[in-house]
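One structure is given here, and the rest of the page talks about it.
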Amino acid sequence: MLTVIVTGLPGVGKTTVLEALKGVSEKNGVPVSVVNFGTIMSEILGRRGMALDRDEIRRQDVALQRKIQEEAAREISERRGSGILIVDTHMFVKTDCGLWPGLPMNVLSKLSPSLLVLIEAPPEEIANRRASDKGRRRDEASRALIERELNWSRFLAAACSVITGAPVKIVNNEAGRHLEAAEELFGIISKMVG
Ligand code: AP5
């Protein structure tokens, strides 16, 4: 059993890279399952009669988000089978009260990752992708702000690495190169499964 946590700023393209990873891993006979943390949180909220758009979750009261976050981590850990599980999530979430960790200690201890991945892209690329993703209500941001957020993600990744003992891999998802990013990620995962 191997759990890999994959994070990235909204609009960096982590979901796109993970879709490509599923294809690459199937082709190589090493299938992976991918679970999106935000989807599990939405499902839990839906069962509580709070059907929220995924872009609305982070605008809720932090105490509620914390409860749902912990439940989501528990559900994901209970779903874990014997194969490779990829958890698509965030190092931090921009709440109305500030930057809140996506992977606090209680979540990390439930997920127990073997590898932490940061998907990155040039700040101007992230800004463009957010602006052109019309189906979502994403925050627009300046290049300088995105740079600060990329740095914040690295700081948090370092903290998660110290807590879990899992290495951090930074994968670049440059324009038109999501398949290369997926292949790079697959290469590391295959090394870890031996
Ligand atoms: P989540 O579902 O993760 O939403 P998100 O942050 O908006 O992430 P997406 O998956 O939609 O964006 P992405 O960066 O993967 O980009 P995409 O592949 O779509 O989370 C939803 C919510 O759940 C969070 O806001 C939070 O409230 C909650 N949540 C999640 N985890 C949590 C946790 N641990 N604790 C608490 N709350 C949590 O790509 C974007 C665009 O770019 C697309 O148009 C795509 O076609 C394009 N693109 C991608 N790659 C490339 C490329 N290489 N070249 C050109 N275009 C590209």
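Scheme for the structure tokens: letters A, B, ... for chains in order shown; per-chain residue numbers from 1; ligand numbers from 1 in order shown.
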
key: Protein and nucleic residues near ligand 1, 7 Å, only C-alpha atoms and all ligand atoms, as number ranges by chain   = A: 8-17, 36-39, 41, 54-58, 65, 69, 88-91, 93, 101-103, 129-130, 132-133, 138, 173-178

request  = Quick one: everything within 12 Å of Gly23 in chain A, counting only C-alpha atoms, minus sequence neighbours fewer than 6 positions away in the same chain. Send it as number ranges by chain.
outcome  = A: 16-17, 29-34, 178-179, 182-183, 186

Serialized selection, C-alpha atoms, as a compact mmCIF listing (two decimals), in the first residue's frame:
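The resulting file, out_25.txt, is reproduced below:
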# COMPACT_ATOMS: atom_id res chain seq x y z
CA THR A 16 -5.18 17.55 -15.30
CA VAL A 17 -1.80 15.96 -14.43
CA GLY A 29 0.35 -2.03 -15.81
CA VAL A 30 0.65 -0.21 -12.45
CA PRO A 31 -2.84 1.22 -11.92
CA VAL A 32 -3.41 3.98 -9.39
CA SER A 33 -6.61 5.22 -7.75
CA VAL A 34 -7.08 8.95 -7.43
CA HIS A 178 0.98 17.87 -18.51
CA LEU A 179 1.83 14.46 -19.99
CA ALA A 182 2.50 12.80 -15.35
CA GLU A 183 5.34 10.65 -16.68
CA PHE A 186 4.84 7.97 -12.56

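Counting only C-alpha atoms, the residue from A:Lys110, A:Asn128, A:Val35, A:Ile40 that sits nearest to Arg74 in chain A is A:Lys110.
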
message = Among range 1-182 of chain A, which residues does DSSP mark as strand (DSSP E or B) when it is run on the backbone? Keep the chain and numbering as in the structure and answer as a ChimeraX atom specification.
response = /A:2-8,32-36,84-89,92-95,98-101,115-120,168-172

Could you save the residues just selected, with N, CA and C atoms, as a tab-separated table (two decimals), in the first residue's frame?
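What follows is the written file selection_23.tsv:
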chain	number	residue	atom	x	y	z
A	2	LEU	N	0.54	2.18	-0.86
A	2	LEU	CA	1.33	3.41	-0.96
A	2	LEU	C	0.36	4.58	-1.11
A	3	THR	N	0.51	5.58	-0.25
A	3	THR	CA	-0.33	6.77	-0.39
A	3	THR	C	0.55	7.94	-0.80
A	4	VAL	N	0.14	8.60	-1.86
A	4	VAL	CA	0.88	9.76	-2.36
A	4	VAL	C	-0.06	10.96	-2.27
A	5	ILE	N	0.40	12.01	-1.59
A	5	ILE	CA	-0.41	13.23	-1.51
A	5	ILE	C	0.09	14.20	-2.57
A	6	VAL	N	-0.82	14.61	-3.44
A	6	VAL	CA	-0.46	15.54	-4.52
A	6	VAL	C	-1.17	16.87	-4.28
A	7	THR	N	-0.38	17.93	-4.19
A	7	THR	CA	-0.95	19.25	-3.91
A	7	THR	C	-0.51	20.26	-4.97
A	8	GLY	N	-1.22	21.35	-5.02
A	8	GLY	CA	-0.85	22.43	-5.94
A	8	GLY	C	-1.84	23.55	-5.79
A	32	VAL	N	-3.31	3.19	-10.62
A	32	VAL	CA	-3.41	3.98	-9.39
A	32	VAL	C	-4.87	4.41	-9.22
A	33	SER	N	-5.28	4.61	-7.98
A	33	SER	CA	-6.61	5.22	-7.75
A	33	SER	C	-6.36	6.64	-7.30
A	34	VAL	N	-7.21	7.53	-7.79
A	34	VAL	CA	-7.08	8.95	-7.43
A	34	VAL	C	-8.33	9.38	-6.69
A	35	VAL	N	-8.15	10.01	-5.54
A	35	VAL	CA	-9.30	10.55	-4.82
A	35	VAL	C	-9.07	12.03	-4.62
A	36	ASN	N	-10.13	12.82	-4.89
A	36	ASN	CA	-10.03	14.27	-4.71
A	36	ASN	C	-10.62	14.63	-3.34
A	84	ILE	N	-2.01	1.61	-4.98
A	84	ILE	CA	-1.44	2.96	-4.88
A	84	ILE	C	-2.60	3.97	-4.86
A	85	LEU	N	-2.65	4.75	-3.80
A	85	LEU	CA	-3.71	5.76	-3.69
A	85	LEU	C	-3.09	7.15	-3.80
A	86	ILE	N	-3.66	7.94	-4.72
A	86	ILE	CA	-3.21	9.32	-4.89
A	86	ILE	C	-4.30	10.23	-4.31
A	87	VAL	N	-3.90	11.10	-3.40
A	87	VAL	CA	-4.87	12.04	-2.81
A	87	VAL	C	-4.59	13.44	-3.38
A	88	ASP	N	-5.59	13.94	-4.11
A	88	ASP	CA	-5.50	15.24	-4.79
A	88	ASP	C	-6.02	16.30	-3.81
A	89	THR	N	-5.11	17.14	-3.30
A	89	THR	CA	-5.55	18.09	-2.28
A	89	THR	C	-4.70	19.36	-2.27
A	92	PHE	N	-2.53	24.34	1.48
A	92	PHE	CA	-3.29	25.29	2.29
A	92	PHE	C	-4.55	25.71	1.53
A	93	VAL	N	-5.48	26.23	2.30
A	93	VAL	CA	-6.75	26.68	1.74
A	93	VAL	C	-6.92	28.14	2.15
A	94	LYS	N	-7.35	28.97	1.18
A	94	LYS	CA	-7.55	30.40	1.48
A	94	LYS	C	-8.93	30.60	2.07
A	95	THR	N	-9.01	30.70	3.38
A	95	THR	CA	-10.31	30.90	4.03
A	95	THR	C	-10.50	32.39	4.29
A	98	GLY	N	-7.89	33.59	6.75
A	98	GLY	CA	-6.47	33.48	6.43
A	98	GLY	C	-6.11	32.13	5.85
A	99	LEU	N	-4.81	31.91	5.69
A	99	LEU	CA	-4.33	30.67	5.06
A	99	LEU	C	-4.37	29.55	6.09
A	100	TRP	N	-5.11	28.50	5.75
A	100	TRP	CA	-5.40	27.42	6.71
A	100	TRP	C	-4.79	26.13	6.15
A	101	PRO	N	-4.12	25.31	6.98
A	101	PRO	CA	-3.45	24.14	6.41
A	101	PRO	C	-4.42	23.07	5.91
A	115	LEU	N	4.81	9.71	0.13
A	115	LEU	CA	5.41	10.72	-0.75
A	115	LEU	C	4.51	11.95	-0.79
A	116	LEU	N	5.15	13.13	-0.80
A	116	LEU	CA	4.41	14.40	-0.91
A	116	LEU	C	4.84	15.04	-2.22
A	117	VAL	N	3.86	15.42	-3.02
A	117	VAL	CA	4.18	16.02	-4.33
A	117	VAL	C	3.59	17.43	-4.40
A	118	LEU	N	4.43	18.35	-4.88
A	118	LEU	CA	3.96	19.71	-5.14
A	118	LEU	C	3.96	19.88	-6.65
A	119	ILE	N	2.77	20.14	-7.21
A	119	ILE	CA	2.73	20.46	-8.64
A	119	ILE	C	2.89	21.98	-8.73
A	120	GLU	N	3.83	22.40	-9.55
A	120	GLU	CA	4.06	23.84	-9.72
A	120	GLU	C	4.02	24.20	-11.20
A	168	VAL	N	9.64	15.12	-0.35
A	168	VAL	CA	8.83	16.06	-1.15
A	168	VAL	C	9.40	16.09	-2.57
A	169	LYS	N	8.53	15.87	-3.55
A	169	LYS	CA	8.95	15.97	-4.95
A	169	LYS	C	8.20	17.14	-5.59
A	170	ILE	N	8.97	18.02	-6.24
A	170	ILE	CA	8.34	19.14	-6.96
A	170	ILE	C	8.28	18.77	-8.44
A	171	VAL	N	7.07	18.81	-8.99
A	171	VAL	CA	6.88	18.46	-10.42
A	171	VAL	C	6.35	19.70	-11.13
A	172	ASN	N	7.01	20.07	-12.22
A	172	ASN	CA	6.56	21.24	-12.98
A	172	ASN	C	5.55	20.85	-14.04

ask   = Residues of range 57-155 of chain A in alpha helix (DSSP H) according to DSSP, as a ChimeraX atom specification?
value = /A:62-79,105-111,123-132,143-155

request  = Write out as a list of chain:residue names which residues come within 9 Å of Ile146 in chain A when counting only C-alpha atoms, dropping same-chain ones fewer than 5 positions away.
outcome  =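 Contacts, with the query itself left out: A:Leu9, A:Pro123, A:Glu124, A:Ile126, A:Ala127, A:Ala141, A:Asn151.
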
Please produce an output containing N, CA and C atoms for each residue in the selection, written as a compact mmCIF listing (two decimals), in the first residue's frame.
# COMPACT_ATOMS: atom_id res chain seq x y z
N LEU A 9 -1.41 24.76 -6.13
CA LEU A 9 -2.32 25.90 -6.04
C LEU A 9 -3.48 25.71 -7.01
N PRO A 123 4.23 31.31 -12.35
CA PRO A 123 3.12 32.11 -11.81
C PRO A 123 2.21 32.70 -12.89
N GLU A 124 2.80 33.18 -13.99
CA GLU A 124 1.94 33.79 -15.03
C GLU A 124 1.04 32.75 -15.69
N ILE A 126 -0.20 30.08 -14.12
CA ILE A 126 -1.28 29.78 -13.16
C ILE A 126 -2.35 30.88 -13.28
N ALA A 127 -1.88 32.14 -13.34
CA ALA A 127 -2.81 33.27 -13.45
C ALA A 127 -3.66 33.13 -14.71
N ALA A 141 -5.45 36.37 -9.37
CA ALA A 141 -4.37 36.86 -8.51
C ALA A 141 -3.23 37.37 -9.36
N ASN A 151 5.62 29.87 -2.62
CA ASN A 151 6.59 29.77 -1.53
C ASN A 151 5.94 29.21 -0.27
